[in-house]
file structure-v2.csv (CSV, C-alpha atoms)
chain,number,residue,atom,x,y,z
A,1,LEU,CA,-33.4,-16.1,12.5
A,2,LEU,CA,-32.5,-16.9,9.0
A,3,TYR,CA,-31.6,-13.3,8.4
A,4,ARG,CA,-29.1,-13.4,11.2
A,5,ILE,CA,-27.4,-16.7,10.6
A,6,GLN,CA,-26.9,-16.2,6.9
A,7,ALA,CA,-23.8,-14.0,7.2
A,8,PRO,CA,-21.7,-16.5,9.4
A,9,LEU,CA,-22.6,-19.4,7.0
A,10,ILE,CA,-21.6,-17.5,3.9
A,11,THR,CA,-18.5,-16.1,5.5
A,12,SER,CA,-17.3,-19.6,6.5
A,13,ASP,CA,-17.9,-20.8,3.0
A,14,PHE,CA,-15.9,-17.9,1.6
A,15,LEU,CA,-12.9,-18.3,3.9
A,16,ARG,CA,-12.7,-22.0,3.0
A,17,ALA,CA,-12.9,-21.3,-0.7
A,18,ALA,CA,-10.6,-18.3,-0.9
A,19,ASN,CA,-8.1,-19.7,1.8
A,20,ILE,CA,-7.6,-16.2,3.2
A,21,ASP,CA,-6.0,-16.0,6.7
A,22,ILE,CA,-8.3,-13.4,8.4
A,23,THR,CA,-10.6,-13.7,11.3
A,24,HIS,CA,-14.2,-14.9,10.7
A,25,LYS,CA,-15.8,-11.8,12.2
A,26,ALA,CA,-13.6,-9.3,10.2
A,27,ALA,CA,-14.4,-11.2,7.0
A,28,MET,CA,-18.1,-11.2,7.7
A,29,ASN,CA,-18.1,-7.5,8.4
A,30,CYS,CA,-16.5,-6.9,5.0
A,31,LEU,CA,-18.8,-9.2,3.1
A,32,CYS,CA,-21.9,-7.5,4.6
A,33,LEU,CA,-22.6,-4.4,2.6
A,34,PRO,CA,-24.4,-1.4,4.2
A,35,SER,CA,-27.5,-2.3,2.3
A,36,SER,CA,-27.7,-5.6,4.1
A,37,GLY,CA,-28.7,-3.9,7.4
A,38,LEU,CA,-26.2,-6.1,9.3
A,39,PRO,CA,-23.1,-4.8,11.2
A,40,ASN,CA,-20.4,-4.1,8.8
A,41,THR,CA,-17.0,-2.3,8.4
A,42,PHE,CA,-16.8,-2.7,4.7
A,43,GLU,CA,-16.4,1.0,3.8
A,44,ARG,CA,-13.9,1.8,6.6
A,45,HIS,CA,-11.7,-1.2,5.8
A,46,GLU,CA,-11.9,-0.2,2.1
A,47,PHE,CA,-10.4,3.2,3.1
A,48,LEU,CA,-7.5,1.4,4.9
A,49,GLY,CA,-7.1,-1.3,2.3
A,50,ASP,CA,-6.7,1.2,-0.5
A,51,ALA,CA,-3.7,2.8,1.2
A,52,ALA,CA,-2.2,-0.6,2.0
A,53,LEU,CA,-2.6,-1.7,-1.6
A,54,GLN,CA,-0.9,1.4,-2.9
A,55,PHE,CA,2.0,1.1,-0.5
A,56,ILE,CA,2.7,-2.7,-1.0
A,57,THR,CA,2.5,-2.3,-4.8
A,58,SER,CA,4.8,0.8,-4.7
A,59,ILE,CA,7.6,-0.7,-2.6
A,60,ASN,CA,7.4,-3.9,-4.6
A,61,LEU,CA,7.8,-2.0,-7.9
A,62,PHE,CA,10.4,0.3,-6.3
A,63,GLY,CA,12.7,-2.6,-5.4
A,64,SER,CA,12.0,-4.7,-8.5
A,65,HIS,CA,12.6,-1.9,-11.1
A,66,PRO,CA,15.6,0.1,-10.0
A,67,GLN,CA,16.0,1.7,-13.4
A,68,ASP,CA,12.5,3.0,-13.8
A,69,ASN,CA,11.7,6.7,-13.2
A,70,GLU,CA,8.6,7.8,-11.3
A,71,GLY,CA,6.6,8.0,-14.5
A,72,ALA,CA,7.3,4.4,-15.5
A,73,LEU,CA,6.7,3.2,-11.9
A,74,THR,CA,3.3,5.0,-11.8
A,75,ALA,CA,2.3,3.3,-15.1
A,76,ARG,CA,3.2,-0.1,-13.6
A,77,ARG,CA,1.4,0.6,-10.4
A,78,MET,CA,-1.8,1.6,-12.3
A,79,MET,CA,-1.8,-1.8,-14.0
A,80,CYS,CA,-1.7,-3.5,-10.6
A,81,VAL,CA,-4.3,-1.4,-8.7
A,82,ARG,CA,-6.8,-0.4,-11.4
A,83,ASN,CA,-10.4,-1.2,-10.7
A,84,SER,CA,-10.9,-3.3,-13.8
A,85,TYR,CA,-8.0,-5.6,-12.8
A,86,MET,CA,-9.4,-6.0,-9.2
A,87,ARG,CA,-12.9,-6.8,-10.6
A,88,LEU,CA,-11.4,-9.5,-12.8
A,89,LEU,CA,-9.7,-11.0,-9.7
A,90,ALA,CA,-13.0,-10.8,-7.8
A,91,TYR,CA,-14.8,-12.7,-10.5
A,92,GLU,CA,-12.1,-15.4,-10.5
A,93,LEU,CA,-12.7,-15.8,-6.8
A,94,ARG,CA,-16.4,-15.9,-7.4
A,95,LEU,CA,-16.7,-13.1,-4.8
A,96,PRO,CA,-20.2,-12.0,-5.8
A,97,LYS,CA,-21.5,-15.4,-4.6
A,98,TYR,CA,-20.4,-14.5,-1.0
A,99,VAL,CA,-21.4,-10.9,-0.8
A,100,ILE,CA,-24.4,-10.1,1.4
A,101,SER,CA,-26.1,-7.1,0.0
A,102,SER,CA,-29.7,-7.5,1.3
A,103,SER,CA,-31.7,-9.8,3.5
A,104,TRP,CA,-32.5,-13.2,2.0
A,105,SER,CA,-35.7,-15.1,1.6
A,106,ARG,CA,-36.2,-18.7,2.8
A,107,ARG,CA,-35.6,-19.8,-0.8
A,108,ASP,CA,-32.2,-18.1,-0.9
A,109,PHE,CA,-31.3,-19.7,2.4
A,110,ARG,CA,-32.3,-23.2,1.1
A,111,GLU,CA,-30.2,-22.7,-2.0
A,112,VAL,CA,-27.1,-21.9,0.1
A,113,LEU,CA,-27.5,-25.1,2.1
A,114,GLN,CA,-27.8,-27.0,-1.1
A,115,GLY,CA,-24.6,-25.5,-2.4
A,116,LYS,CA,-26.2,-23.5,-5.1
A,117,SER,CA,-25.2,-20.0,-6.1
A,118,CYS,CA,-27.1,-17.1,-4.5
A,119,ARG,CA,-28.6,-14.5,-6.8
A,120,GLN,CA,-26.6,-11.4,-5.8
A,121,LYS,CA,-26.6,-8.3,-7.9
A,122,ILE,CA,-23.3,-6.5,-7.1
A,123,SER,CA,-22.0,-3.6,-9.1
A,124,ALA,CA,-18.5,-3.9,-10.7
A,125,GLY,CA,-17.3,-0.9,-8.7
A,126,MET,CA,-18.4,-2.5,-5.4
A,127,LEU,CA,-16.3,-5.6,-6.2
A,128,SER,CA,-13.0,-3.7,-6.4
A,129,ASP,CA,-13.9,-1.9,-3.2
A,130,LEU,CA,-14.5,-5.3,-1.5
A,131,MET,CA,-11.1,-6.5,-2.6
A,132,GLU,CA,-9.5,-3.4,-1.0
A,133,ALA,CA,-11.6,-4.0,2.2
A,134,LEU,CA,-10.2,-7.6,2.5
A,135,ILE,CA,-6.7,-6.2,2.2
A,136,GLY,CA,-7.5,-3.5,4.8
A,137,VAL,CA,-8.7,-6.2,7.3
A,138,SER,CA,-5.5,-8.1,6.7
A,139,PHE,CA,-3.4,-5.0,7.3
A,140,GLU,CA,-5.3,-4.2,10.5
A,141,GLU,CA,-4.7,-7.8,11.8
A,142,GLY,CA,-1.1,-8.4,10.8
A,143,GLY,CA,0.4,-5.3,9.2
A,144,ILE,CA,2.1,-5.2,5.9
A,145,PRO,CA,3.3,-8.8,5.7
A,146,LYS,CA,-0.2,-10.2,6.2
A,147,ALA,CA,-1.8,-7.7,3.8
A,148,PHE,CA,0.9,-8.7,1.2
A,149,ALA,CA,0.1,-12.4,1.7
A,150,THR,CA,-3.6,-11.7,1.3
A,151,MET,CA,-2.9,-9.8,-2.0
A,152,LEU,CA,-1.1,-12.9,-3.3
A,153,THR,CA,-3.9,-15.1,-2.2
A,154,LEU,CA,-6.4,-12.9,-3.9
A,155,GLY,CA,-4.5,-13.3,-7.1
A,156,PHE,CA,-2.5,-10.0,-7.5
A,157,LYS,CA,0.4,-10.5,-9.8
A,158,LEU,CA,3.4,-8.7,-8.5
A,159,PRO,CA,7.1,-8.8,-9.5
A,160,ALA,CA,8.2,-10.3,-6.2
A,161,THR,CA,6.2,-12.7,-4.0
A,162,ASN,CA,8.2,-12.5,-0.8
A,163,PHE,CA,7.9,-9.3,1.3
A,164,ASP,CA,11.3,-9.8,3.0
A,165,ASP,CA,13.0,-10.1,-0.4
A,166,ILE,CA,11.3,-6.9,-1.5
A,167,CYS,CA,12.7,-4.9,1.5
A,168,LYS,CA,16.2,-6.4,1.0
A,169,ARG,CA,16.1,-5.6,-2.7
A,170,ALA,CA,15.1,-2.0,-2.0
A,171,ILE,CA,17.9,-1.7,0.5
A,172,LEU,CA,20.5,-3.1,-1.9
A,173,LEU,CA,19.7,-0.4,-4.3
A,174,TYR,CA,21.7,1.9,-2.0
A,175,HIS,CA,24.3,-0.6,-0.8
A,176,VAL,CA,27.7,1.1,-0.1
A,177,PRO,CA,30.6,-1.2,-0.3
A,178,LYS,CA,33.6,-0.8,2.0
A,179,SER,CA,35.7,0.5,-0.9
A,180,GLY,CA,33.5,3.5,-1.0
A,181,GLY,CA,31.1,4.0,-3.9
A,182,TYR,CA,27.5,3.8,-5.0
A,183,GLU,CA,26.2,0.7,-6.7
A,184,THR,CA,22.7,-0.6,-7.6
A,185,SER,CA,21.6,-4.1,-7.2
A,186,ASP,CA,22.2,-5.2,-10.7
A,187,ASN,CA,25.8,-3.9,-10.7
A,188,SER,CA,25.6,-3.1,-14.4
A,189,THR,CA,28.4,-1.3,-16.1
A,190,SER,CA,26.2,1.7,-17.0
A,191,ASN,CA,25.3,2.2,-13.4
A,192,ARG,CA,28.8,2.0,-12.1
A,193,GLU,CA,30.4,4.1,-14.8
A,194,HIS,CA,30.0,7.3,-12.8
A,195,VAL,CA,30.2,5.7,-9.3
A,196,ASP,CA,33.3,7.6,-8.1
A,197,ASP,CA,32.0,11.0,-9.2
A,198,ALA,CA,28.6,10.4,-7.6
A,199,PHE,CA,30.1,9.3,-4.3
A,200,LYS,CA,32.4,12.3,-4.1
A,201,VAL,CA,29.4,14.6,-4.5
A,202,TRP,CA,27.5,12.7,-1.8
A,203,LYS,CA,30.6,12.8,0.5
A,204,THR,CA,30.7,16.6,0.3
A,205,LYS,CA,27.0,16.7,1.4
A,206,LEU,CA,27.4,14.6,4.6
A,207,VAL,CA,27.4,17.9,6.6
A,208,ASP,CA,23.9,18.5,5.4
A,209,ARG,CA,22.8,15.2,6.7
A,210,LYS,CA,24.2,16.0,10.1
A,211,LEU,CA,22.4,19.4,10.0
A,212,LEU,CA,19.2,17.7,9.1
A,213,GLU,CA,19.5,15.2,12.0
A,214,ARG,CA,19.9,18.1,14.5
A,215,ARG,CA,16.9,19.9,13.1
A,216,ILE,CA,14.4,17.0,13.0
A,217,GLY,CA,15.8,15.2,16.1
A,218,ARG,CA,16.4,11.9,14.2
A,219,THR,CA,19.7,10.1,13.5
A,220,PHE,CA,20.0,8.3,10.2
A,221,HIS,CA,22.2,5.3,9.7
A,222,LYS,CA,25.5,5.9,8.1
A,223,SER,CA,24.5,3.8,5.1
A,224,SER,CA,21.6,6.3,4.5
A,225,ALA,CA,23.9,9.1,3.4
A,226,GLN,CA,23.1,8.5,-0.2
A,227,LEU,CA,19.4,8.4,0.5
A,228,VAL,CA,19.5,11.7,2.3
A,229,CYS,CA,21.5,13.3,-0.5
A,230,GLU,CA,19.2,11.9,-3.1
A,231,ALA,CA,16.1,13.2,-1.2
A,232,PHE,CA,17.5,16.7,-1.5
A,233,THR,CA,18.7,16.5,-5.1
A,234,HIS,CA,16.4,18.2,-7.6
A,235,ALA,CA,16.1,16.7,-11.1
A,236,SER,CA,17.8,19.8,-12.5
A,237,GLY,CA,20.9,19.1,-10.4
A,238,SER,CA,21.2,15.4,-10.9
A,239,ARG,CA,23.8,13.7,-13.1
A,240,PRO,CA,24.6,10.2,-14.2
A,241,GLY,CA,25.2,8.1,-11.1
A,242,LEU,CA,23.5,10.7,-8.9
A,243,PRO,CA,19.7,10.4,-9.1
A,244,SER,CA,17.2,13.0,-8.1
A,245,TYR,CA,14.6,12.8,-5.4
A,246,GLN,CA,11.8,11.8,-7.8
A,247,ARG,CA,11.9,8.0,-7.2
A,248,LEU,CA,12.0,8.5,-3.4
A,249,GLU,CA,9.2,11.1,-3.6
A,250,TRP,CA,7.1,8.6,-5.5
A,251,LEU,CA,7.7,6.0,-2.8
A,252,GLY,CA,7.3,8.5,0.1
A,253,ASP,CA,3.9,9.5,-1.2
A,254,ALA,CA,2.7,5.9,-0.8
A,255,VAL,CA,4.3,5.7,2.7
A,256,LEU,CA,2.7,9.0,3.9
A,257,TYR,CA,-0.7,7.9,2.4
A,258,LEU,CA,-0.6,4.7,4.4
A,259,PHE,CA,0.6,6.1,7.7
A,260,ALA,CA,-2.0,8.8,7.6
A,261,ALA,CA,-4.8,6.4,6.7
A,262,GLU,CA,-3.7,4.0,9.5
A,263,TYR,CA,-3.6,6.7,12.1
A,264,ILE,CA,-6.9,8.2,11.2
A,265,PHE,CA,-8.5,4.7,11.0
A,266,LYS,CA,-7.3,3.8,14.5
A,267,GLU,CA,-7.9,7.1,16.2
A,268,ASN,CA,-11.4,7.6,14.9
A,269,PRO,CA,-13.2,4.3,15.2
A,270,ASP,CA,-16.6,5.9,14.8
A,271,MET,CA,-15.8,8.2,11.9
A,272,THR,CA,-17.5,7.6,8.6
A,273,PRO,CA,-15.3,6.7,5.5
A,274,HIS,CA,-16.1,10.1,4.0
A,275,GLY,CA,-15.0,11.8,7.2
A,276,MET,CA,-11.7,9.9,7.2
A,277,THR,CA,-11.1,10.8,3.6
A,278,ASP,CA,-11.7,14.5,4.3
A,279,LEU,CA,-9.4,14.4,7.4
A,280,ARG,CA,-6.6,12.7,5.4
A,281,ARG,CA,-7.0,15.3,2.7
A,282,LEU,CA,-6.5,18.0,5.3
A,283,ALA,CA,-3.6,16.3,7.0
A,284,VAL,CA,-1.7,15.3,3.8
A,285,ASN,CA,-1.5,18.0,1.2
A,286,ASN,CA,1.3,20.1,-0.5
A,287,THR,CA,0.5,23.2,1.5
A,288,LEU,CA,0.9,21.6,4.8
A,289,LEU,CA,4.0,19.7,3.7
A,290,GLY,CA,5.5,22.9,2.5
A,291,PHE,CA,5.0,24.5,5.9
A,292,VAL,CA,6.7,21.6,7.5
A,293,ALA,CA,9.6,21.8,5.1
A,294,ALA,CA,9.9,25.5,5.8
A,295,LYS,CA,9.8,24.9,9.6
A,296,TYR,CA,12.8,22.7,9.4
A,297,LYS,CA,14.5,25.0,6.8
A,298,PHE,CA,14.9,22.2,4.3
A,299,TYR,CA,15.7,24.9,1.7
A,300,GLN,CA,19.1,25.4,3.4
A,301,MET,CA,20.1,21.8,3.0
call {"tool": "encode", "arguments": {"input": "structure-v2.csv", "output": "structure tokens"}}
result
Amino acid sequence: LLYRIQAPLITSDFLRAANIDITHKAAMNCLCLPSSGLPNTFERHEFLGDAALQFITSINLFGSHPQDNEGALTARRMMCVRNSYMRLLAYELRLPKYVISSSWSRRDFREVLQGKSCRQKISAGMLSDLMEALIGVSFEEGGIPKAFATMLTLGFKLPATNFDDICKRAILLYHVPKSGGYETSDNSTSNREHVDDAFKVWKTKLVDRKLLERRIGRTFHKSSAQLVCEAFTHASGSRPGLPSYQRLEWLGDAVLYLFAAEYIFKENPDMTPHGMTDLRRLAVNNTLLGFVAAKYKFYQM
């Protein structure tokens, strides 16, 4: 009996202390490690949370640092998602105190009721995985906004703290005023210096956008003309005021990573984490993406 009621008690204590808005059952399934012998989804949600963490961090940095190239953005993202950083946050939350890694003795149960710390031996790597699992649970329950809110509650330091602002900021990077022209959110002189030249180049490529829409069966908003052109502009063909696809490729990688993880997670409820990882590796790779690009004749754009 003590073995079965320990998890709900510890989970309730954790949710009160951490103030995380997720269901009790989901939190309990994450806090119970496979070694506990109790029902758990820790490893599956860690798979989903890793993708959500990558995406939220990526779009946050993409909108907050419009002048950074993909190399600088990657360096910034690594600072936000590295295991040592997540372990530090886990210790600040006193997460090891709430993890259930094995069955407890009566003495352990008595200590919990008395408000004392339980003697848990949790590896440092496991703590970062637990942080991702909690983000994964939040994403499953409430999508990106809830996962983002959970990240802030867990202590992640991100440039922006409001998800709607992040999306608006990313959109403003490609705002096209009625006068015709391309401007970034900061409206700096250096960014606007070659506006007219860049816009003329984009305007000549609108026919490619229309051709692309016919081939893939999707219509892009008129304001996306710049984005479509940028997505097909190699770094060797870019010029001041006309960026290449590298920043969008960097963001798209995180989007694809998340969408594939979410689909595999939902469509294969009984699949092991290793199986999901292998399936994603088969579904998202350069060879497959190259075949898709060839199918739609992107090389003619």
call {"tool": "residues_around", "arguments": {"input": "structure-v2.csv", "residues": "A:Leu130", "least_positions_apart": "2", "cutoff": "12 Å", "atoms": "only C-alpha atoms", "output": "count of residues only"}}
result
45
call {"tool": "atom_distance", "arguments": {"input": "structure-v2.csv", "atom1": "atom CA of A:Ile59", "atom2": "atom CA of A:Asp164"}}
result
11.3 Å
call {"tool": "atom_distance", "arguments": {"input": "structure-v2.csv", "atom1": "atom CA of A:Asp165", "atom2": "atom CA of A:Arg16"}}
result
28.5 Å
call {"tool": "atom_distance", "arguments": {"input": "structure-v2.csv", "atom1": "atom CA of A:Val284", "atom2": "atom CA of A:Arg209"}}
result
24.7 Å
call {"tool": "residues_around", "arguments": {"input": "structure-v2.csv", "residues": "A:Val81", "least_positions_apart": "6", "cutoff": "8 Å", "atoms": "all atoms listed in the file", "output": "VMD selection string"}}
result
chain A and resid 53 to 54 57
call {"tool": "residues_around", "arguments": {"input": "structure-v2.csv", "residues": "A:Arg281", "least_positions_apart": "4", "cutoff": "12 Å", "atoms": "only C-alpha atoms", "output": "JSON, numbers by chain"}}
result
{"A": [256, 257, 260, 261, 264, 274, 275, 276, 277, 285, 286, 287, 288, 289]}
call {"tool": "closest_residue", "arguments": {"input": "structure-v2.csv", "among": "A:Arg82, A:Lys146, A:His221, A:Arg214", "to": "A:Ile22", "atoms": "all atoms listed in the file"}}
result
A:Lys146
call {"tool": "closest_residue", "arguments": {"input": "structure-v2.csv", "among": "A:Leu248, A:Ala18, A:Ile144, A:Ala51", "to": "A:Phe265", "atoms": "all atoms listed in the file"}}
result
A:Ala51
